[in-house]
>>> print(open('structure.txt').read())   # compact mmCIF, C-alpha atoms and all ligand atoms
# COMPACT_ATOMS: atom_id res chain seq x y z
CA MET L 1 10.10 4.53 -18.89
CA HIS L 2 9.01 8.16 -18.87
CA THR L 3 5.77 8.66 -17.00
CA THR L 4 3.77 11.60 -15.81
CA ALA L 5 1.64 9.55 -13.42
CA PRO L 6 1.89 10.81 -9.85
CA ARG L 7 4.34 9.14 -7.47
CA PRO L 8 4.85 9.48 -3.70
CA ILE L 9 8.61 8.91 -3.96
CA ARG L 10 10.98 10.39 -6.50
CA ARG L 11 14.64 10.33 -7.38
CA LEU L 12 16.57 13.56 -7.58
CA THR L 13 19.30 13.83 -10.14
CA ASP L 14 21.07 16.99 -8.97
CA PRO L 15 24.75 16.12 -9.36
CA ALA L 16 25.82 18.50 -6.55
CA PRO L 17 27.79 16.62 -3.90
CA HIS L 18 25.81 15.71 -0.77
CA SER L 19 22.52 16.83 -2.32
CA PRO L 20 19.61 14.52 -1.54
CA ARG L 21 19.09 11.63 -3.95
CA VAL L 22 15.52 10.74 -3.09
CA GLU L 23 12.49 12.49 -1.60
CA ILE L 24 9.06 11.46 -0.39
CA LEU L 25 5.63 13.02 -0.17
CA ASP L 26 4.95 13.25 3.58
CA GLN L 27 1.66 11.37 3.97
CA THR L 28 1.17 12.43 7.58
CA LEU L 29 0.13 15.87 6.27
CA LEU L 30 -2.26 14.72 3.57
CA PRO L 31 -4.98 15.47 2.59
CA HIS L 32 -4.75 18.90 4.23
CA GLY L 33 -1.19 19.81 3.26
CA GLN L 34 1.55 18.71 0.90
CA ARG L 35 5.25 18.61 1.71
CA TRP L 36 8.09 16.84 -0.05
CA LEU L 37 10.77 15.60 2.34
CA PRO L 38 14.31 14.76 1.26
CA LEU L 39 15.61 11.47 2.67
CA GLN L 40 19.15 12.41 3.68
CA ASP L 41 20.26 9.18 5.26
CA LEU L 42 19.37 5.75 6.56
CA ALA L 43 17.89 7.19 9.76
CA ALA L 44 15.53 9.44 7.78
CA ALA L 45 14.35 6.50 5.67
CA ALA L 46 13.74 4.30 8.73
CA HIS L 47 11.93 7.18 10.45
CA ALA L 48 9.74 7.79 7.39
CA ILE L 49 8.59 4.16 7.33
CA ARG L 50 8.08 3.83 11.09
CA THR L 51 6.13 7.07 11.45
CA MET L 52 4.14 6.43 8.26
CA GLN L 53 5.38 9.45 6.34
CA VAL L 54 5.45 6.73 3.72
CA ARG L 55 3.02 3.83 4.02
CA GLY L 56 1.39 1.13 1.95
CA ALA L 57 3.12 -2.19 1.41
CA PRO L 58 4.85 -1.65 -1.97
CA LEU L 59 5.96 1.88 -1.07
CA ILE L 60 7.41 0.66 2.22
CA GLY L 61 9.46 -1.87 0.23
CA ALA L 62 10.74 0.71 -2.27
CA THR L 63 11.60 3.18 0.51
CA ALA L 64 13.52 0.48 2.37
CA ALA L 65 15.51 -0.26 -0.79
CA TYR L 66 16.47 3.41 -1.09
CA GLY L 67 17.13 3.51 2.64
CA LEU L 68 19.67 0.72 2.25
CA ALA L 69 21.35 2.62 -0.59
CA LEU L 70 21.56 5.65 1.72
CA GLY L 71 23.01 3.50 4.48
CA LEU L 72 25.68 2.13 2.17
CA GLU L 73 26.77 5.65 1.28
CA ALA L 74 27.88 5.92 4.91
CA ASP L 75 29.14 2.37 5.51
CA ALA L 76 29.26 -0.28 2.80
CA SER L 77 31.12 -2.90 4.84
CA ASP L 78 29.49 -6.29 5.47
CA GLN L 79 28.70 -5.23 9.03
CA GLY L 80 27.39 -1.81 7.99
CA MET L 81 25.14 -3.33 5.36
CA ALA L 82 23.77 -5.96 7.76
CA ALA L 83 23.10 -3.31 10.42
CA ALA L 84 21.35 -1.00 7.94
CA ALA L 85 19.16 -3.85 6.66
CA ALA L 86 18.29 -4.90 10.22
CA ARG L 87 17.37 -1.34 11.17
CA LEU L 88 15.05 -0.97 8.19
CA ALA L 89 13.55 -4.45 8.65
CA ALA L 90 12.56 -3.57 12.22
CA THR L 91 10.45 -0.54 11.23
CA ARG L 92 7.14 -2.29 10.49
CA PRO L 93 6.34 -6.00 10.69
CA THR L 94 3.30 -6.87 8.57
CA ALA L 95 3.94 -5.78 4.98
CA VAL L 96 6.23 -8.46 3.58
CA ASN L 97 7.31 -6.12 0.78
CA LEU L 98 9.78 -4.64 3.27
CA ALA L 99 11.61 -7.94 3.87
CA TRP L 100 11.23 -8.83 0.19
CA ALA L 101 12.91 -5.61 -0.99
CA LEU L 102 15.72 -5.88 1.56
CA GLY L 103 16.28 -9.53 0.67
CA ARG L 104 16.53 -8.64 -3.00
CA MET L 105 18.94 -5.79 -2.30
CA LEU L 106 21.17 -7.98 -0.12
CA ALA L 107 21.21 -10.80 -2.69
CA CYS L 108 22.41 -8.29 -5.30
CA LEU L 109 24.90 -6.43 -3.10
CA ALA L 110 26.45 -9.04 -0.82
CA PRO L 111 28.64 -10.63 -3.54
CA LEU L 112 30.13 -7.21 -4.45
CA GLU L 113 33.19 -5.54 -3.00
CA PRO L 114 32.14 -2.83 -0.50
CA ALA L 115 33.40 -0.06 -2.78
CA ALA L 116 31.04 -1.16 -5.54
CA ARG L 117 27.97 -1.46 -3.35
CA PRO L 118 26.58 2.11 -3.11
CA ALA L 119 26.33 2.63 -6.88
CA ALA L 120 24.85 -0.84 -7.38
CA ALA L 121 22.37 -0.23 -4.57
CA TRP L 122 20.92 2.85 -6.28
CA VAL L 123 20.54 0.89 -9.52
CA GLU L 124 18.80 -2.00 -7.79
CA ALA L 125 16.52 0.28 -5.76
CA ASP L 126 15.54 2.10 -8.97
CA ALA L 127 14.79 -1.28 -10.56
CA ILE L 128 12.55 -2.24 -7.63
CA ALA L 129 10.67 1.05 -7.97
CA GLU L 130 10.22 0.81 -11.74
CA GLU L 131 9.11 -2.82 -11.52
CA ASP L 132 6.50 -1.90 -8.93
CA ALA L 133 5.13 0.78 -11.25
CA ALA L 134 4.99 -1.64 -14.20
CA GLN L 135 3.40 -4.41 -12.13
CA ASN L 136 0.70 -2.07 -10.90
CA ARG L 137 -0.12 -1.04 -14.44
CA ALA L 138 -0.54 -4.75 -15.27
CA ILE L 139 -2.72 -5.24 -12.17
CA GLY L 140 -4.86 -2.39 -13.46
CA GLN L 141 -5.49 -4.16 -16.76
CA HIS L 142 -6.16 -7.58 -15.20
CA GLY L 143 -8.48 -6.01 -12.63
CA LEU L 144 -10.30 -4.06 -15.33
CA ALA L 145 -11.02 -7.32 -17.16
CA LEU L 146 -12.73 -8.63 -14.00
CA LEU L 147 -14.68 -5.41 -13.48
CA ARG L 148 -15.99 -5.63 -17.04
CA GLN L 149 -17.47 -9.05 -16.22
CA LEU L 150 -19.55 -7.80 -13.29
CA PRO L 151 -23.31 -7.65 -13.84
CA ARG L 152 -24.33 -4.08 -14.61
CA ARG L 153 -27.44 -2.18 -13.64
CA PRO L 154 -28.98 -0.19 -16.48
CA ASP L 155 -27.89 3.45 -16.59
CA ALA L 156 -25.98 3.24 -13.31
CA PRO L 157 -22.29 3.29 -12.53
CA LEU L 158 -20.49 0.21 -11.30
CA GLN L 159 -20.56 0.51 -7.52
CA LEU L 160 -17.19 -0.42 -6.04
CA MET L 161 -15.97 -0.24 -2.47
CA THR L 162 -12.41 -0.08 -1.18
CA HIS L 163 -10.76 0.10 2.24
CA CYS L 164 -7.66 1.93 3.43
CA ASN L 165 -5.50 3.43 0.70
CA ALA L 166 -4.11 1.13 -1.96
CA GLY L 167 -3.65 3.80 -4.60
CA TRP L 168 -0.57 5.49 -5.98
CA LEU L 169 0.23 6.94 -2.57
CA ALA L 170 0.69 3.40 -1.24
CA THR L 171 2.93 2.21 -4.07
CA VAL L 172 5.45 3.71 -6.47
CA GLU L 173 2.75 4.43 -9.06
CA GLN L 174 -0.91 3.64 -9.86
CA GLY L 175 -1.63 1.61 -6.72
CA THR L 176 -2.94 -1.92 -6.45
CA ALA L 177 -6.66 -1.84 -5.57
CA LEU L 178 -7.05 1.54 -7.24
CA ALA L 179 -5.15 0.55 -10.41
CA PRO L 180 -8.19 -1.22 -11.93
CA ILE L 181 -10.31 1.79 -11.00
CA TYR L 182 -7.92 4.16 -12.76
CA ALA L 183 -7.87 1.75 -15.72
CA ALA L 184 -11.69 1.72 -15.71
CA GLN L 185 -11.75 5.50 -15.88
CA THR L 186 -9.29 5.50 -18.78
CA ALA L 187 -11.44 2.88 -20.55
CA GLY L 188 -14.56 5.00 -20.11
CA LEU L 189 -16.26 2.60 -17.67
CA ASP L 190 -18.65 4.46 -15.40
CA VAL L 191 -17.65 3.80 -11.76
CA HIS L 192 -18.47 5.16 -8.35
CA VAL L 193 -16.30 4.25 -5.36
CA TRP L 194 -17.42 3.90 -1.74
CA VAL L 195 -14.36 4.85 0.30
CA SER L 196 -14.28 3.68 3.89
CA GLU L 197 -12.70 6.03 6.37
CA THR L 198 -10.32 3.42 7.87
CA ARG L 199 -10.12 4.33 11.51
CA PRO L 200 -7.93 5.06 13.37
CA ARG L 201 -5.46 6.62 10.90
CA ASN L 202 -8.08 7.42 8.25
CA GLN L 203 -6.17 6.28 5.17
CA GLY L 204 -9.56 6.44 3.41
CA LEU L 205 -9.02 10.20 3.31
CA LEU L 206 -5.94 9.55 1.19
CA THR L 207 -8.03 7.45 -1.17
CA ALA L 208 -10.71 10.14 -1.36
CA TRP L 209 -7.98 12.73 -2.07
CA GLU L 210 -6.50 10.57 -4.83
CA LEU L 211 -9.88 9.93 -6.44
CA ALA L 212 -10.76 13.62 -6.25
CA GLN L 213 -7.48 14.51 -7.98
CA ALA L 214 -8.35 12.02 -10.72
CA GLY L 215 -11.95 13.17 -11.04
CA ILE L 216 -13.38 9.75 -10.14
CA PRO L 217 -16.80 9.87 -8.45
CA HIS L 218 -16.61 8.63 -4.88
CA THR L 219 -18.28 8.92 -1.49
CA LEU L 220 -16.58 8.67 1.88
CA ILE L 221 -18.29 6.51 4.52
CA ALA L 222 -17.66 5.66 8.14
CA ASP L 223 -16.22 2.14 8.33
CA ASN L 224 -19.30 0.96 10.17
CA ALA L 225 -21.56 1.87 7.23
CA ALA L 226 -19.99 -0.71 4.91
CA GLY L 227 -22.10 -3.68 6.00
CA GLN L 228 -25.37 -1.82 5.55
CA LEU L 229 -24.39 -0.63 2.06
CA ILE L 230 -23.25 -4.09 0.98
CA LEU L 231 -26.28 -5.97 2.32
CA THR L 232 -28.73 -3.52 0.78
CA GLY L 233 -27.33 -4.09 -2.71
CA GLN L 234 -25.55 -0.77 -3.08
CA VAL L 235 -22.17 -2.33 -3.80
CA ASP L 236 -21.28 -4.51 -6.82
CA ALA L 237 -17.80 -5.55 -5.64
CA VAL L 238 -15.20 -4.73 -3.01
CA ILE L 239 -11.53 -4.43 -3.97
CA THR L 240 -8.66 -3.97 -1.53
CA GLY L 241 -4.91 -4.22 -1.50
CA ALA L 242 -2.84 -6.46 0.77
CA ASP L 243 0.17 -6.25 3.04
CA ARG L 244 0.99 -9.95 2.92
CA ILE L 245 -0.64 -12.89 1.20
CA ALA L 246 0.24 -16.29 2.64
CA ALA L 247 0.95 -19.34 0.49
CA ASN L 248 -2.59 -20.62 1.07
CA GLY L 249 -4.17 -17.35 -0.11
CA ASP L 250 -5.01 -15.86 3.31
CA VAL L 251 -4.74 -12.06 3.11
CA ALA L 252 -3.41 -9.61 5.72
CA ASN L 253 -4.59 -6.07 5.02
CA LYS L 254 -5.61 -2.96 6.93
CA VAL L 255 -7.81 -3.75 9.91
CA GLY L 256 -11.44 -3.66 8.83
CA THR L 257 -10.85 -5.55 5.59
CA LEU L 258 -12.12 -8.81 7.11
CA LEU L 259 -15.53 -7.34 7.99
CA LYS L 260 -16.02 -6.22 4.41
CA ALA L 261 -15.09 -9.67 3.10
CA LEU L 262 -17.62 -11.28 5.47
CA ALA L 263 -20.35 -8.92 4.29
CA CYS L 264 -19.49 -9.64 0.63
CA ALA L 265 -19.73 -13.40 1.26
CA HIS L 266 -23.13 -12.96 2.89
CA GLN L 267 -24.37 -10.85 -0.01
CA GLY L 268 -22.79 -13.04 -2.69
CA ILE L 269 -20.77 -10.27 -4.32
CA PRO L 270 -17.09 -10.45 -5.26
CA PHE L 271 -14.35 -9.54 -2.82
CA TYR L 272 -11.13 -8.97 -4.81
CA VAL L 273 -7.59 -8.47 -3.49
CA ALA L 274 -5.01 -6.81 -5.74
CA ALA L 275 -1.29 -7.13 -4.97
CA PRO L 276 2.04 -7.50 -6.76
CA ARG L 277 4.52 -10.38 -6.41
CA SER L 278 6.37 -8.52 -3.65
CA THR L 279 3.32 -8.93 -1.38
CA LEU L 280 3.17 -12.73 -1.81
CA ASP L 281 4.88 -14.65 0.98
CA PHE L 282 5.32 -18.20 -0.23
CA ALA L 283 7.35 -18.98 2.91
CA CYS L 284 4.36 -18.18 5.12
CA PRO L 285 2.00 -21.17 5.13
CA ALA L 286 -1.17 -19.45 6.35
CA GLY L 287 -2.56 -16.21 7.73
CA ALA L 288 -2.13 -17.32 11.34
CA ALA L 289 1.64 -17.02 10.89
CA ILE L 290 1.51 -13.39 9.70
CA PRO L 291 2.78 -10.92 12.32
CA ILE L 292 0.12 -8.29 13.02
CA GLU L 293 1.46 -4.85 13.88
CA ALA L 294 0.17 -3.49 17.21
CA ARG L 295 0.33 0.28 17.04
CA GLU L 296 0.29 2.79 19.84
CA GLY L 297 -2.99 3.42 21.63
CA ASP L 298 -2.84 7.18 21.11
CA GLU L 299 -3.67 6.63 17.44
CA LEU L 300 -7.09 5.64 18.76
CA ARG L 301 -7.29 8.02 21.72
CA LEU L 302 -6.40 11.19 19.77
CA VAL L 303 -8.02 12.51 16.63
CA THR L 304 -5.82 14.40 14.17
CA GLY L 305 -7.08 17.11 11.83
CA ILE L 306 -6.66 20.80 11.11
CA ASP L 307 -7.93 23.60 13.30
CA ALA L 308 -9.67 26.82 12.27
CA GLN L 309 -6.26 28.38 11.52
CA GLY L 310 -5.40 25.55 9.17
CA GLU L 311 -2.78 24.13 11.55
CA THR L 312 -2.48 20.42 12.27
CA ALA L 313 -4.05 19.68 15.64
CA ARG L 314 -4.61 16.60 17.77
CA LEU L 315 -7.72 16.41 19.91
CA ARG L 316 -8.20 13.99 22.73
CA GLN L 317 -11.21 11.77 22.12
CA ILE L 318 -10.53 9.00 24.63
CA PRO L 319 -9.02 9.55 28.12
CA ALA L 320 -5.36 8.60 28.45
CA THR L 321 -6.30 6.15 31.21
CA GLU L 322 -8.61 4.14 28.94
CA ALA L 323 -7.17 0.79 27.85
CA VAL L 324 -7.27 0.48 24.08
CA CYS L 325 -6.20 -2.16 21.57
CA ASN L 326 -4.94 -1.03 18.17
CA PRO L 327 -4.10 -3.91 15.79
CA ALA L 328 -3.23 -2.31 12.45
CA PHE L 329 -4.13 -5.28 10.25
CA ASP L 330 -6.48 -8.26 10.09
CA VAL L 331 -6.38 -11.53 8.22
CA THR L 332 -9.11 -12.43 5.75
CA PRO L 333 -9.32 -16.20 5.23
CA ALA L 334 -8.72 -17.27 1.64
CA ALA L 335 -12.22 -18.76 1.46
CA LEU L 336 -13.70 -15.26 1.62
CA VAL L 337 -11.57 -13.95 -1.27
CA THR L 338 -13.15 -14.27 -4.73
CA ALA L 339 -9.87 -13.76 -6.58
CA LEU L 340 -6.35 -12.46 -6.16
CA ILE L 341 -5.26 -10.02 -8.87
CA THR L 342 -1.53 -9.79 -9.52
CA GLU L 343 0.67 -8.55 -12.35
CA ARG L 344 0.39 -12.02 -13.93
CA GLY L 345 -3.41 -12.18 -13.97
CA HIS L 346 -5.99 -13.36 -11.49
CA CYS L 347 -6.32 -16.62 -9.61
CA PRO L 348 -8.31 -18.26 -6.84
CA ALA L 349 -7.00 -17.40 -3.38
CA SER L 350 -5.47 -20.81 -2.75
CA SER L 351 -2.14 -22.51 -2.86
CA ALA L 352 -3.05 -24.14 -6.21
CA GLY L 353 -4.24 -20.82 -7.62
CA LEU L 354 -1.05 -19.02 -6.62
CA LEU L 355 1.16 -21.82 -7.94
CA ASP L 356 -0.67 -21.68 -11.27
CA LEU L 357 0.36 -18.04 -11.59
CA TYR L 358 3.83 -18.53 -10.07
CA PRO L 359 4.84 -22.10 -11.04
CA GLU L 360 8.49 -21.36 -10.24
CA GLN L 361 7.52 -21.28 -6.55
CA GLY L 362 6.52 -24.94 -6.67
CA ARG L 363 9.87 -26.14 -7.92
CA GLY L 364 12.33 -27.74 -5.48
O1 LIG R 1 -0.75 0.93 7.67
P1 LIG R 1 -0.69 1.22 6.19
O2 LIG R 1 -1.35 2.51 5.81
O3 LIG R 1 0.72 1.09 5.65
O4 LIG R 1 -1.53 0.05 5.56
C1 LIG R 1 -1.76 0.03 4.17
C2 LIG R 1 -2.68 -1.03 3.76
O5 LIG R 1 -3.15 -1.83 4.52
C3 LIG R 1 -2.93 -1.13 2.29
O6 LIG R 1 -4.23 -1.55 2.05
C4 LIG R 1 -1.97 -2.16 1.73
O7 LIG R 1 -0.65 -1.84 2.09
C5 LIG R 1 -2.07 -2.27 0.30
S1 LIG R 1 -1.10 -1.00 -0.44
C6 LIG R 1 -1.11 -1.04 -2.08
>>> encode(input="structure.txt", output="C-alpha cells", more="lines below")
Ligand code: MRU
Amino acid sequence: MHTTAPRPIRRLTDPAPHSPRVEILDQTLLPHGQRWLPLQDLAAAAHAIRTMQVRGAPLIGATAAYGLALGLEADASDQGMAAAAARLAATRPTAVNLAWALGRMLACLAPLEPAARPAAAWVEADAIAEEDAAQNRAIGQHGLALLRQLPRRPDAPLQLMTHCNAGWLATVEQGTALAPIYAAQTAGLDVHVWVSETRPRNQGLLTAWELAQAGIPHTLIADNAAGQLILTGQVDAVITGADRIAANGDVANKVGTLLKALACAHQGIPFYVAAPRSTLDFACPAGAAIPIEAREGDELRLVTGIDAQGETARLRQIPATEAVCNPAFDVTPAALVTALITERGHCPASSAGLLDLYPEQGRG
C-alpha cells in the first residue's frame, strides 16, 4: 500500500550492488536533530536496537526482521541463520515483538535451501513491516471508538494522557497509543494530550515532537506531575502502549506506566493499553514472568541534551559513585487496565478477554 505517513524505518530500492537496503531514523538524536542511518549489516541492526537508535516494541521487531535478512546476505547456512537470530534476540529482553518477529522469520526461512533464504527474508521482513502499519491503523479506529464514548465536558477538548513514546517513531507507522489520537484528529475530535517526560531517557520528548509535527495540542509534564493532574480531574483517560502483554492481561510497558494506572483506578477514569498481536505473549502466563530490562546506571546519572552551540552534550547530574537502579519497564496488573485495544478490537485485560479476540490461541 502506498502511504505518505511518516515512518522511522524505510526500505531503499537502489539496485546498485552493495548499496544499503534499509535505513533508520536515529532516535538518539531526536528531537534536536534528525539523521537517517543506513543499516549495512547484521551488526549495525543489532547495534541500532541495543543502543536505542530504534526503539519501541513493534519497531524493534521489524528492525530485527530486517537485521536477519542482512545477516543472511552474509551467511545463509543453518548455523549462520541461528547465530544471527541469537545475536538479535539478545539485544533487548522485554519487548516480545523481537522474539515474535525472529520466530516468524525462522519459521518461514528454515524450510528453504540456504540459497533461497536471503530473498525470502526480505519479502518476509517487508510483510512484517506492512502488517504492523496496517494493524496500527486498525488500532487507531478501534481506539477512536472508545474515545468517542468518553464523557465530554462542554466546550473543552478531551484530555488524554500518555507515557513514553508509542507513536509512529515506536512502530513502523502510526503508533499504538498515539494511533487513536491521530485518528481523533482526522475525525475532527478536539483533543489535548498530557505527555509525560519519561525519565530517564525522556521518550516523552519524542511524543511531544511527533504531536507538534502533527499539530495536535499537547503539554509536556514531569512524570511526577501525573498523579496530581489525574486526581484533580484534569485527565479524562490515559492511553499507553505495551512491550509485552501476558496471557492473563498483565502489561509490561515503560517504567512509570504502573503509577499512572494506579492513579486512574483511584480516580475512576479509564486506563487503556493499545498494542498489536506481536506484543501479545500467550506463552507467558502472567506479568511476573516477564523479563524486565535493567539498563545502565549512567542513563540516570547523566542528563543528555544540546549545549549552547547546538551540540549533543551529556551533563553529570548524579555522582558516578552513587548506586542507582534503572529498571526500564514495569508491570501493570491486568486489574488496573480498563481495556486492551488491538487490531481486532478491544477486550477486557484478562485471559478470557484475549481469547475472545484471538480464539485460535485457545485451540489445542
Ligand atoms: O525503551 P523503549 O523506548 O523501547 O520503550 C518503549 C515503550 O515502552 C513503549 O511504550 C512501548 O514499546 C510501546 S511502543 C508502540
>>> residues_around(input="structure.txt", residues="stretch 209-218 of chain L", least_positions_apart="4", cutoff="10 Å", atoms="all atoms listed in the file", output="PyMOL selection string")
chain L and resi 6+30-32+157+159-161+165+167-169+178+181-182+184-185+190-195+203-205
>>> closest_residue(input="structure.txt", among="L:Gly233, L:Pro200, L:Pro291, L:Gly175", to="ligand LIG 1 (chain R)", atoms="only C-alpha atoms and all ligand atoms")
L:Gly175
>>> residues_around(input="structure.txt", residues="L:Gly241", least_positions_apart="3", cutoff="7 Å", atoms="all atoms listed in the file", output="PyMOL selection string")
chain L and resi 166+176-177+253+273-275
>>> closest_residue(input="structure.txt", among="L:Asp126, L:Val238, L:Ala265, L:Leu258", to="L:Leu12", atoms="all atoms listed in the file")
L:Asp126
>>> closest_residue(input="structure.txt", among="L:Asp330, L:Leu336, L:His18, L:Asn136", to="L:His266", atoms="only C-alpha atoms")
L:Leu336
>>> atom_distance(input="structure.txt", atom1="atom CA of L:Asp75", atom2="atom CA of L:Glu23")
20.7 Å
>>> atom_distance(input="structure.txt", atom1="atom CA of L:Pro111", atom2="atom CA of L:Ala64")
19.7 Å
>>> residues_around(input="structure.txt", residues="stretch 51-59 of chain L", least_positions_apart="2", cutoff="8 Å", atoms="only C-alpha atoms", output="PyMOL selection string")
chain L and resi 8+24-28+47-49+61-63+95-98+132+165-166+169-172+242-243+278-279
>>> atom_distance(input="structure.txt", atom1="atom CA of L:Arg7", atom2="atom CA of L:Leu147")
24.7 Å
>>> residues_around(input="structure.txt", residues="L:Val303", least_positions_apart="3", cutoff="8 Å", atoms="all atoms listed in the file", output="list of chain:residue names")
L:Glu299, L:Leu300, L:Arg314, L:Leu315, L:Arg316, L:Gln317
>>> axis_aligned_box(input="structure.txt", around="stretch 153-171 of chain L", padding_each_side="4 Å", output="AutoDock Vina command-line options")
--center_x -13.0 --center_y 2.4 --center_z -6.6 --size_x 39.9 --size_y 17.1 --size_z 28.0
>>> build_atoms(input="structure.txt", residues="stretch 319-331 of chain L", atoms="N, CA, C and O atoms", output="PDB file, keeping the file's coordinate frame")
ATOM      1  N   PRO L 319      -9.954   9.235  27.021  1.00  0.00           N
ATOM      2  CA  PRO L 319      -9.020   9.550  28.120  1.00  0.00           C
ATOM      3  C   PRO L 319      -7.759   8.686  28.055  1.00  0.00           C
ATOM      4  O   PRO L 319      -7.813   7.519  27.637  1.00  0.00           O
ATOM      5  N   ALA L 320      -6.646   9.299  28.490  1.00  0.00           N
ATOM      6  CA  ALA L 320      -5.360   8.600  28.450  1.00  0.00           C
ATOM      7  C   ALA L 320      -5.385   7.331  29.285  1.00  0.00           C
ATOM      8  O   ALA L 320      -4.619   6.393  29.039  1.00  0.00           O
ATOM      9  N   THR L 321      -6.259   7.305  30.294  1.00  0.00           N
ATOM     10  CA  THR L 321      -6.300   6.150  31.210  1.00  0.00           C
ATOM     11  C   THR L 321      -7.082   4.971  30.619  1.00  0.00           C
ATOM     12  O   THR L 321      -7.056   3.870  31.170  1.00  0.00           O
ATOM     13  N   GLU L 322      -7.783   5.205  29.523  1.00  0.00           N
ATOM     14  CA  GLU L 322      -8.610   4.140  28.940  1.00  0.00           C
ATOM     15  C   GLU L 322      -7.729   3.114  28.233  1.00  0.00           C
ATOM     16  O   GLU L 322      -6.888   3.468  27.402  1.00  0.00           O
ATOM     17  N   ALA L 323      -7.923   1.836  28.555  1.00  0.00           N
ATOM     18  CA  ALA L 323      -7.170   0.790  27.850  1.00  0.00           C
ATOM     19  C   ALA L 323      -7.713   0.665  26.433  1.00  0.00           C
ATOM     20  O   ALA L 323      -8.930   0.613  26.231  1.00  0.00           O
ATOM     21  N   VAL L 324      -6.827   0.643  25.463  1.00  0.00           N
ATOM     22  CA  VAL L 324      -7.270   0.480  24.080  1.00  0.00           C
ATOM     23  C   VAL L 324      -6.406  -0.595  23.397  1.00  0.00           C
ATOM     24  O   VAL L 324      -5.311  -0.914  23.861  1.00  0.00           O
ATOM     25  N   CYS L 325      -6.918  -1.132  22.331  1.00  0.00           N
ATOM     26  CA  CYS L 325      -6.200  -2.160  21.570  1.00  0.00           C
ATOM     27  C   CYS L 325      -6.194  -1.681  20.121  1.00  0.00           C
ATOM     28  O   CYS L 325      -7.241  -1.297  19.590  1.00  0.00           O
ATOM     29  N   ASN L 326      -5.029  -1.644  19.497  1.00  0.00           N
ATOM     30  CA  ASN L 326      -4.940  -1.030  18.170  1.00  0.00           C
ATOM     31  C   ASN L 326      -4.172  -1.917  17.177  1.00  0.00           C
ATOM     32  O   ASN L 326      -3.097  -1.557  16.709  1.00  0.00           O
ATOM     33  N   PRO L 327      -4.760  -3.093  16.831  1.00  0.00           N
ATOM     34  CA  PRO L 327      -4.100  -3.910  15.790  1.00  0.00           C
ATOM     35  C   PRO L 327      -4.261  -3.207  14.448  1.00  0.00           C
ATOM     36  O   PRO L 327      -5.356  -2.779  14.100  1.00  0.00           O
ATOM     37  N   ALA L 328      -3.177  -3.085  13.692  1.00  0.00           N
ATOM     38  CA  ALA L 328      -3.230  -2.310  12.450  1.00  0.00           C
ATOM     39  C   ALA L 328      -3.727  -3.119  11.254  1.00  0.00           C
ATOM     40  O   ALA L 328      -4.049  -2.551  10.217  1.00  0.00           O
ATOM     41  N   PHE L 329      -3.764  -4.433  11.393  1.00  0.00           N
ATOM     42  CA  PHE L 329      -4.130  -5.280  10.250  1.00  0.00           C
ATOM     43  C   PHE L 329      -5.052  -6.398  10.727  1.00  0.00           C
ATOM     44  O   PHE L 329      -5.122  -6.692  11.925  1.00  0.00           O
ATOM     45  N   ASP L 330      -5.762  -7.016   9.787  1.00  0.00           N
ATOM     46  CA  ASP L 330      -6.480  -8.260  10.090  1.00  0.00           C
ATOM     47  C   ASP L 330      -6.204  -9.249   8.979  1.00  0.00           C
ATOM     48  O   ASP L 330      -5.597  -8.928   7.953  1.00  0.00           O
ATOM     49  N   VAL L 331      -6.621 -10.472   9.214  1.00  0.00           N
ATOM     50  CA  VAL L 331      -6.380 -11.530   8.220  1.00  0.00           C
ATOM     51  C   VAL L 331      -7.717 -12.026   7.698  1.00  0.00           C
ATOM     52  O   VAL L 331      -8.572 -12.473   8.461  1.00  0.00           O
TER      53      VAL L 331
END
